[in-house]
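The next block holds one structure in the form of structure tokens; read it before the comments.
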Amino acid sequence: MKTVFLSLFIILTSSFYSTVSIAKPLSYWDKSVPSMEQDIDHSQWQQILNRYLIVGKDETAINLFNYQSVTSADKVILKQYLTQLQSINPLLHTKSQQQAYWINLYNALTVQLILDNYPVKSITKLGERFFSFGPWDDDAAKVNGKTLTLNDIEHEILRPIWQDPRIHYAVNCASYGCPNLSATAFTSQNVEQQLTAGAYAYINHPRGVTVKGSDLEVSSIYEWYAEDFGDNEKALVKHLQRYANPTLKQALLMFQQSPGDIDYEYDWRLNKAE
């Protein structure tokens with residue numbers, strides 16, 4: 001019986017883990033222009049965030065989304081925003097404009113998925129495929145006539161084109177264990193600052209990193225995407241130290257000097273406001 005349950009678990013999680021390693025970028029998307037005066041308008045997404053994102057009391061708290069309170073009118077605004085994004089040719093924008101575009105598109109699509117299926121306990125309960133573990137391989141958007149999944153946006157566009165581990169602190173999977181959904185829409189002007197702020201907030205929160213005696217308990221993100229963080233424990237700790245507050249940085253230094261075990265945890269419960 002245990003063998004049957006193990007096999008079932010492998011099937012359920014295969015769609016989530018199958019694309020976590022960096023794939024070669026879709027060369028079609030790896031193009032940009034050096035300058036573009038007209039930035040992409042993300043004001044409708046900002047409206048939604050302003051009204052329904054419950055921001056934690058300090059910069060390292062968890063941001064929660066008030067899904068149950070979203071009005072019909074605001075659901076229309078969200079759909080209009082997503083339609084607008086999908087009508088844009090991102091290749092005619094700069095690299096920074098594109099990065100903000102793809103992050104916002106991913107996050108807004110994720111919120112819409114939850115709203116379309118609410119109430120739901122976890123995003124992992126969604127997905128159109130038989131025994132799917134979440135909706136990440138389902139068709140989610142069409143840009144330039146090309147159908148994309150959430151996995152396409154994250155693993156074949158954002159990660160390989162930008163090759164920046166801070167991407168993981170920007171895209172949100174609607175779960176407690178995930179880095180925060182940012183309270184501010186990404187733009188070409190703020191994307192760099194937002195990526196760093198996201199890294200700081202997550203790493204300095206217990207769901208990101210917790211020191212337990214001589215051991216570390218860290219988010220499973222650092223296991224699933226190990227290659228993005230140097231592909232070894234020494235490189236991972238160095239990455240964590242870069243964004244750690246003084247207390248955590250000291251604890252990580254002590255771990256380096258006398259390393260214990262690193263355990264990986266993740267909380268898939270929906271990031272809903274109670």
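Letters A, B, ... go to the chains of the structure tokens in the order shown; residues in each chain start at 1; ligands are counted from 1 in the same order.
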I'd like the neighbourhood of A:Gln86 as a PyMOL selection string, where a residue qualifies if any of its atoms comes within 12 Å (using only C-alpha atoms), though same-chain residues fewer than 4 positions away should be ignored. chain A and resi 40+79-82+90+101-102+104-106+108-109+140-148
Pick out the residues sitting within 8 Å of A:Pro135, and hand them over as a list in words; count only C-alpha atoms, and ignore anything fewer than 4 positions along from it in its own chain. Ile123, Thr124, Leu126, Gly127, Glu128 and Leu150 of chain A
Neighbours of A:Asp267 within 10 Å (only C-alpha atoms; same-chain residues fewer than 4 positions away dropped), as an MDAnalysis selection string? chainID A and resid 122 175:178 207 219:220 271
Output file for the residues above (N, CA and C atoms, as a CSV table (one decimal), in the first residue's frame):
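Ended up saving to part-v2.csv:
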chain,number,residue,atom,x,y,z
A,122,SER,N,-5.9,25.3,-1.6
A,122,SER,CA,-4.5,25.4,-2.1
A,122,SER,C,-4.5,25.4,-3.6
A,175,SER,N,0.6,31.0,-2.1
A,175,SER,CA,0.8,30.1,-1.0
A,175,SER,C,1.5,30.8,0.2
A,176,TYR,N,1.3,30.3,1.4
A,176,TYR,CA,1.9,30.8,2.6
A,176,TYR,C,3.5,30.7,2.4
A,177,GLY,N,3.9,29.5,1.9
A,177,GLY,CA,5.3,29.3,1.8
A,177,GLY,C,6.0,30.1,0.7
A,178,CYS,N,5.3,30.7,-0.1
A,178,CYS,CA,5.9,31.5,-1.3
A,178,CYS,C,6.3,32.9,-0.8
A,207,ARG,N,9.7,31.5,7.2
A,207,ARG,CA,9.3,30.5,6.2
A,207,ARG,C,10.4,30.5,5.1
A,219,SER,N,13.3,27.3,3.0
A,219,SER,CA,12.3,27.0,2.0
A,219,SER,C,12.7,26.0,1.0
A,220,SER,N,11.8,25.1,0.6
A,220,SER,CA,12.0,24.1,-0.4
A,220,SER,C,12.4,24.8,-1.8
A,271,ASN,N,-2.7,31.7,0.4
A,271,ASN,CA,-2.3,32.9,1.1
A,271,ASN,C,-3.5,33.9,1.2
What are the nearest atom pairs, with distances in Å to one decimal, for all residues of stretch 97-203 of chain A that come at most 8 Å from stretch 41-47 of chain A, using only C-alpha atoms, set out by chain and rising residue number as JSON lines?
{"residue": "A:Asn104", "atom": "CA", "partner": "A:Trp45", "partner_atom": "CA", "distance": 7.9}
{"residue": "A:Ala108", "atom": "CA", "partner": "A:Trp45", "partner_atom": "CA", "distance": 7.2}
{"residue": "A:Ala183", "atom": "CA", "partner": "A:Gln46", "partner_atom": "CA", "distance": 7.9}
{"residue": "A:Thr184", "atom": "CA", "partner": "A:Gln46", "partner_atom": "CA", "distance": 6.5}
{"residue": "A:Ala185", "atom": "CA", "partner": "A:Gln46", "partner_atom": "CA", "distance": 5.6}
{"residue": "A:Phe186", "atom": "CA", "partner": "A:His42", "partner_atom": "CA", "distance": 7.9}
{"residue": "A:Thr187", "atom": "CA", "partner": "A:His42", "partner_atom": "CA", "distance": 7.6}
Same residues, all heavy atoms, saved as a PDB file, in the first residue's frame:
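And here's selection_11.pdb as it stands now:
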ATOM      1  N   ASN A 104       4.560  40.705 -13.598  1.00  0.00           N
ATOM      2  CA  ASN A 104       3.177  41.115 -13.340  1.00  0.00           C
ATOM      3  C   ASN A 104       2.179  40.192 -14.016  1.00  0.00           C
ATOM      4  O   ASN A 104       1.129  39.873 -13.437  1.00  0.00           O
ATOM      5  CB  ASN A 104       2.959  42.551 -13.820  1.00  0.00           C
ATOM      6  CG  ASN A 104       3.642  43.583 -12.944  1.00  0.00           C
ATOM      7  OD1 ASN A 104       3.875  43.351 -11.760  1.00  0.00           O
ATOM      8  ND2 ASN A 104       3.972  44.720 -13.521  1.00  0.00           N
ATOM      9  N   ALA A 108      -0.609  38.248 -11.851  1.00  0.00           N
ATOM     10  CA  ALA A 108      -2.013  38.554 -12.106  1.00  0.00           C
ATOM     11  C   ALA A 108      -2.757  37.318 -12.602  1.00  0.00           C
ATOM     12  O   ALA A 108      -3.917  37.088 -12.225  1.00  0.00           O
ATOM     13  CB  ALA A 108      -2.121  39.692 -13.122  1.00  0.00           C
ATOM     14  N   ALA A 183       3.253  44.397  -2.975  1.00  0.00           N
ATOM     15  CA  ALA A 183       2.190  45.387  -2.857  1.00  0.00           C
ATOM     16  C   ALA A 183       2.289  46.452  -3.942  1.00  0.00           C
ATOM     17  O   ALA A 183       1.360  47.220  -4.151  1.00  0.00           O
ATOM     18  CB  ALA A 183       2.242  46.049  -1.485  1.00  0.00           C
ATOM     19  N   THR A 184       3.403  46.471  -4.632  1.00  0.00           N
ATOM     20  CA  THR A 184       3.628  47.447  -5.694  1.00  0.00           C
ATOM     21  C   THR A 184       3.836  46.718  -7.011  1.00  0.00           C
ATOM     22  O   THR A 184       4.662  45.798  -7.086  1.00  0.00           O
ATOM     23  CB  THR A 184       4.864  48.321  -5.392  1.00  0.00           C
ATOM     24  OG1 THR A 184       4.692  48.967  -4.127  1.00  0.00           O
ATOM     25  CG2 THR A 184       5.076  49.370  -6.464  1.00  0.00           C
ATOM     26  N   ALA A 185       3.087  47.093  -8.020  1.00  0.00           N
ATOM     27  CA  ALA A 185       3.280  46.503  -9.338  1.00  0.00           C
ATOM     28  C   ALA A 185       4.706  46.750  -9.811  1.00  0.00           C
ATOM     29  O   ALA A 185       5.275  47.825  -9.578  1.00  0.00           O
ATOM     30  CB  ALA A 185       2.280  47.101 -10.323  1.00  0.00           C
ATOM     31  N   PHE A 186       5.285  45.771 -10.462  1.00  0.00           N
ATOM     32  CA  PHE A 186       6.633  45.934 -11.007  1.00  0.00           C
ATOM     33  C   PHE A 186       6.586  46.865 -12.216  1.00  0.00           C
ATOM     34  O   PHE A 186       5.656  46.804 -13.036  1.00  0.00           O
ATOM     35  CB  PHE A 186       7.211  44.585 -11.416  1.00  0.00           C
ATOM     36  CG  PHE A 186       7.695  43.749 -10.265  1.00  0.00           C
ATOM     37  CD1 PHE A 186       6.793  43.034  -9.485  1.00  0.00           C
ATOM     38  CD2 PHE A 186       9.045  43.688  -9.944  1.00  0.00           C
ATOM     39  CE1 PHE A 186       7.223  42.272  -8.410  1.00  0.00           C
ATOM     40  CE2 PHE A 186       9.486  42.927  -8.876  1.00  0.00           C
ATOM     41  CZ  PHE A 186       8.585  42.218  -8.099  1.00  0.00           C
ATOM     42  N   THR A 187       7.576  47.731 -12.320  1.00  0.00           N
ATOM     43  CA  THR A 187       7.735  48.604 -13.479  1.00  0.00           C
ATOM     44  C   THR A 187       9.213  48.606 -13.854  1.00  0.00           C
ATOM     45  O   THR A 187      10.062  48.137 -13.085  1.00  0.00           O
ATOM     46  CB  THR A 187       7.290  50.046 -13.186  1.00  0.00           C
ATOM     47  OG1 THR A 187       8.196  50.634 -12.229  1.00  0.00           O
ATOM     48  CG2 THR A 187       5.864  50.102 -12.652  1.00  0.00           C
TER      49      THR A 187
END
Which residue out of A:Leu216, A:Ala226, A:Leu181, A:Cys173 has the minimum interatomic distance to A:Asn50 when only C-alpha atoms are used?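 Selected residue with least distance to A:Asn50: A:Leu181.
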As a list in words, please: the residues near A:Thr210 (cut-off 10 Å, only C-alpha atoms, same-chain neighbours under 2 positions excluded).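 So the residues in contact are Ile203, Asn204, His205, Pro206, Arg207, Gly208, Lys212, Gly213, Asp215, Leu216, Glu217, Val218, Ser219, Leu248, Ala251, Leu252, Ile262 and Asp263 of chain A.
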Top pick for closest residue to A:Phe65, considering A:Met254, A:Val211, A:Ile114, A:Met36 and counting only C-alpha atoms: A:Ile114
Close residues, A:His168 itself excluded, 10 Å, only C-alpha atoms, min 2 positions apart in chain, as a tab-separated table (two decimals) with all heavy atoms, in the first residue's frame:
chain	number	residue	atom	x	y	z
A	154	GLU	N	7.77	31.36	-16.21
A	154	GLU	CA	8.82	31.34	-15.18
A	154	GLU	C	10.08	30.63	-15.64
A	154	GLU	O	11.19	31.17	-15.51
A	154	GLU	CB	8.29	30.66	-13.91
A	154	GLU	CG	9.32	30.66	-12.78
A	154	GLU	CD	8.80	30.06	-11.49
A	154	GLU	OE1	7.67	29.52	-11.49
A	154	GLU	OE2	9.52	30.15	-10.48
A	158	LEU	N	11.54	33.97	-17.78
A	158	LEU	CA	12.14	34.77	-16.71
A	158	LEU	C	13.46	34.21	-16.21
A	158	LEU	O	14.47	34.92	-16.13
A	158	LEU	CB	11.15	34.90	-15.54
A	158	LEU	CG	10.06	35.95	-15.71
A	158	LEU	CD1	8.97	35.78	-14.65
A	158	LEU	CD2	10.64	37.35	-15.65
A	159	ARG	N	13.49	32.94	-15.85
A	159	ARG	CA	14.72	32.38	-15.26
A	159	ARG	C	15.89	32.32	-16.25
A	159	ARG	O	16.98	32.81	-15.95
A	159	ARG	CB	14.44	31.00	-14.67
A	159	ARG	CG	13.58	31.04	-13.41
A	159	ARG	CD	13.25	29.63	-12.93
A	159	ARG	NE	14.43	28.88	-12.56
A	159	ARG	CZ	14.59	27.57	-12.75
A	159	ARG	NH1	13.64	26.87	-13.36
A	159	ARG	NH2	15.69	26.98	-12.36
A	164	ASP	N	18.67	35.47	-12.84
A	164	ASP	CA	18.76	36.21	-11.58
A	164	ASP	C	17.97	35.44	-10.53
A	164	ASP	O	16.74	35.31	-10.66
A	164	ASP	CB	18.18	37.61	-11.78
A	164	ASP	CG	18.35	38.52	-10.57
A	164	ASP	OD1	18.54	38.00	-9.44
A	164	ASP	OD2	18.29	39.75	-10.75
A	165	PRO	N	18.61	34.93	-9.48
A	165	PRO	CA	17.88	34.16	-8.47
A	165	PRO	C	16.78	34.95	-7.78
A	165	PRO	O	15.85	34.38	-7.21
A	165	PRO	CB	18.96	33.73	-7.48
A	165	PRO	CG	20.09	34.70	-7.68
A	165	PRO	CD	20.05	35.05	-9.14
A	166	ARG	N	16.86	36.28	-7.84
A	166	ARG	CA	15.83	37.10	-7.20
A	166	ARG	C	14.47	36.99	-7.89
A	166	ARG	O	13.46	37.40	-7.32
A	166	ARG	CB	16.28	38.56	-7.15
A	166	ARG	CG	17.49	38.83	-6.25
A	166	ARG	CD	17.92	40.28	-6.35
A	166	ARG	NE	18.24	40.63	-7.73
A	166	ARG	CZ	18.39	41.88	-8.18
A	166	ARG	NH1	18.24	42.90	-7.35
A	166	ARG	NH2	18.68	42.11	-9.45
A	170	ALA	N	9.97	37.25	-6.67
A	170	ALA	CA	9.05	38.15	-7.37
A	170	ALA	C	7.78	37.44	-7.81
A	170	ALA	O	6.69	38.00	-7.71
A	170	ALA	CB	9.75	38.78	-8.57
A	171	VAL	N	7.91	36.22	-8.35
A	171	VAL	CA	6.71	35.49	-8.80
A	171	VAL	C	6.06	34.81	-7.60
A	171	VAL	O	6.73	34.26	-6.73
A	171	VAL	CB	7.08	34.45	-9.89
A	171	VAL	CG1	7.52	35.16	-11.14
A	171	VAL	CG2	8.15	33.48	-9.43
A	172	ASN	N	4.74	34.88	-7.56
A	172	ASN	CA	4.00	34.41	-6.39
A	172	ASN	C	3.07	33.27	-6.75
A	172	ASN	O	2.34	33.34	-7.74
A	172	ASN	CB	3.20	35.58	-5.79
A	172	ASN	CG	2.42	35.17	-4.56
A	172	ASN	OD1	1.27	34.78	-4.64
A	172	ASN	ND2	3.06	35.26	-3.39
A	178	CYS	N	5.28	30.74	-0.13
A	178	CYS	CA	5.85	31.47	-1.26
A	178	CYS	C	6.33	32.86	-0.83
A	178	CYS	O	5.78	33.45	0.10
A	178	CYS	CB	4.79	31.60	-2.35
A	178	CYS	SG	5.42	32.15	-3.93
A	179	PRO	N	7.32	33.41	-1.51
A	179	PRO	CA	7.65	34.82	-1.30
A	179	PRO	C	6.43	35.70	-1.55
A	179	PRO	O	5.51	35.32	-2.29
A	179	PRO	CB	8.75	35.08	-2.33
A	179	PRO	CG	9.42	33.75	-2.50
A	179	PRO	CD	8.30	32.75	-2.41
A	195	LEU	N	13.04	43.54	-6.65
A	195	LEU	CA	13.65	42.22	-6.57
A	195	LEU	C	14.47	42.08	-5.28
A	195	LEU	O	14.42	41.07	-4.59
A	195	LEU	CB	14.53	41.96	-7.79
A	195	LEU	CG	13.80	41.77	-9.12
A	195	LEU	CD1	14.79	41.77	-10.28
A	195	LEU	CD2	12.99	40.48	-9.12
A	198	GLY	N	12.19	42.00	-2.19
A	198	GLY	CA	11.56	40.69	-2.06
A	198	GLY	C	12.50	39.66	-1.46
A	198	GLY	O	12.10	38.84	-0.63
A	199	ALA	N	13.77	39.72	-1.87
A	199	ALA	CA	14.77	38.80	-1.33
A	199	ALA	C	14.95	39.04	0.16
A	199	ALA	O	15.00	38.10	0.97
A	199	ALA	CB	16.09	38.98	-2.06
A	202	TYR	N	11.84	37.84	2.27
A	202	TYR	CA	11.66	36.38	2.36
A	202	TYR	C	12.74	35.72	3.19
A	202	TYR	O	12.45	34.89	4.06
A	202	TYR	CB	11.66	35.79	0.96
A	202	TYR	CG	11.18	34.35	0.90
A	202	TYR	CD1	9.89	34.02	1.27
A	202	TYR	CD2	12.02	33.34	0.46
A	202	TYR	CE1	9.44	32.71	1.20
A	202	TYR	CE2	11.58	32.03	0.38
A	202	TYR	CZ	10.29	31.72	0.76
A	202	TYR	OH	9.85	30.42	0.69
A	221	ILE	N	12.12	26.08	-1.92
A	221	ILE	CA	12.53	26.78	-3.13
A	221	ILE	C	14.03	26.60	-3.37
A	221	ILE	O	14.48	26.44	-4.50
A	221	ILE	CB	12.18	28.28	-3.02
A	221	ILE	CG1	10.66	28.47	-3.17
A	221	ILE	CG2	12.92	29.11	-4.06
A	221	ILE	CD1	10.19	29.88	-2.92
A	222	TYR	N	14.80	26.59	-2.27
A	222	TYR	CA	16.25	26.48	-2.40
A	222	TYR	C	16.71	25.07	-2.76
A	222	TYR	O	17.86	24.88	-3.17
A	222	TYR	CB	16.91	26.95	-1.10
A	222	TYR	CG	16.56	28.38	-0.75
A	222	TYR	CD1	15.83	28.68	0.40
A	222	TYR	CD2	16.93	29.42	-1.59
A	222	TYR	CE1	15.49	29.99	0.71
A	222	TYR	CE2	16.59	30.74	-1.29
A	222	TYR	CZ	15.87	31.02	-0.14
A	222	TYR	OH	15.54	32.31	0.14
A	225	TYR	N	15.16	24.72	-6.83
A	225	TYR	CA	15.90	25.54	-7.80
A	225	TYR	C	17.36	25.70	-7.37
A	225	TYR	O	17.94	26.78	-7.51
A	225	TYR	CB	15.24	26.91	-7.94
A	225	TYR	CG	13.77	26.82	-8.26
A	225	TYR	CD1	12.80	27.05	-7.28
A	225	TYR	CD2	13.33	26.50	-9.54
A	225	TYR	CE1	11.45	26.96	-7.56
A	225	TYR	CE2	11.98	26.41	-9.83
A	225	TYR	CZ	11.04	26.64	-8.84
A	225	TYR	OH	9.70	26.54	-9.12
A	228	ASP	N	19.97	27.66	-9.32
A	228	ASP	CA	19.87	29.12	-9.37
A	228	ASP	C	20.62	29.78	-8.21
A	228	ASP	O	20.93	30.97	-8.27
A	228	ASP	CB	18.41	29.56	-9.32
A	228	ASP	CG	17.64	29.17	-10.57
A	228	ASP	OD1	18.20	28.45	-11.42
A	228	ASP	OD2	16.47	29.58	-10.69
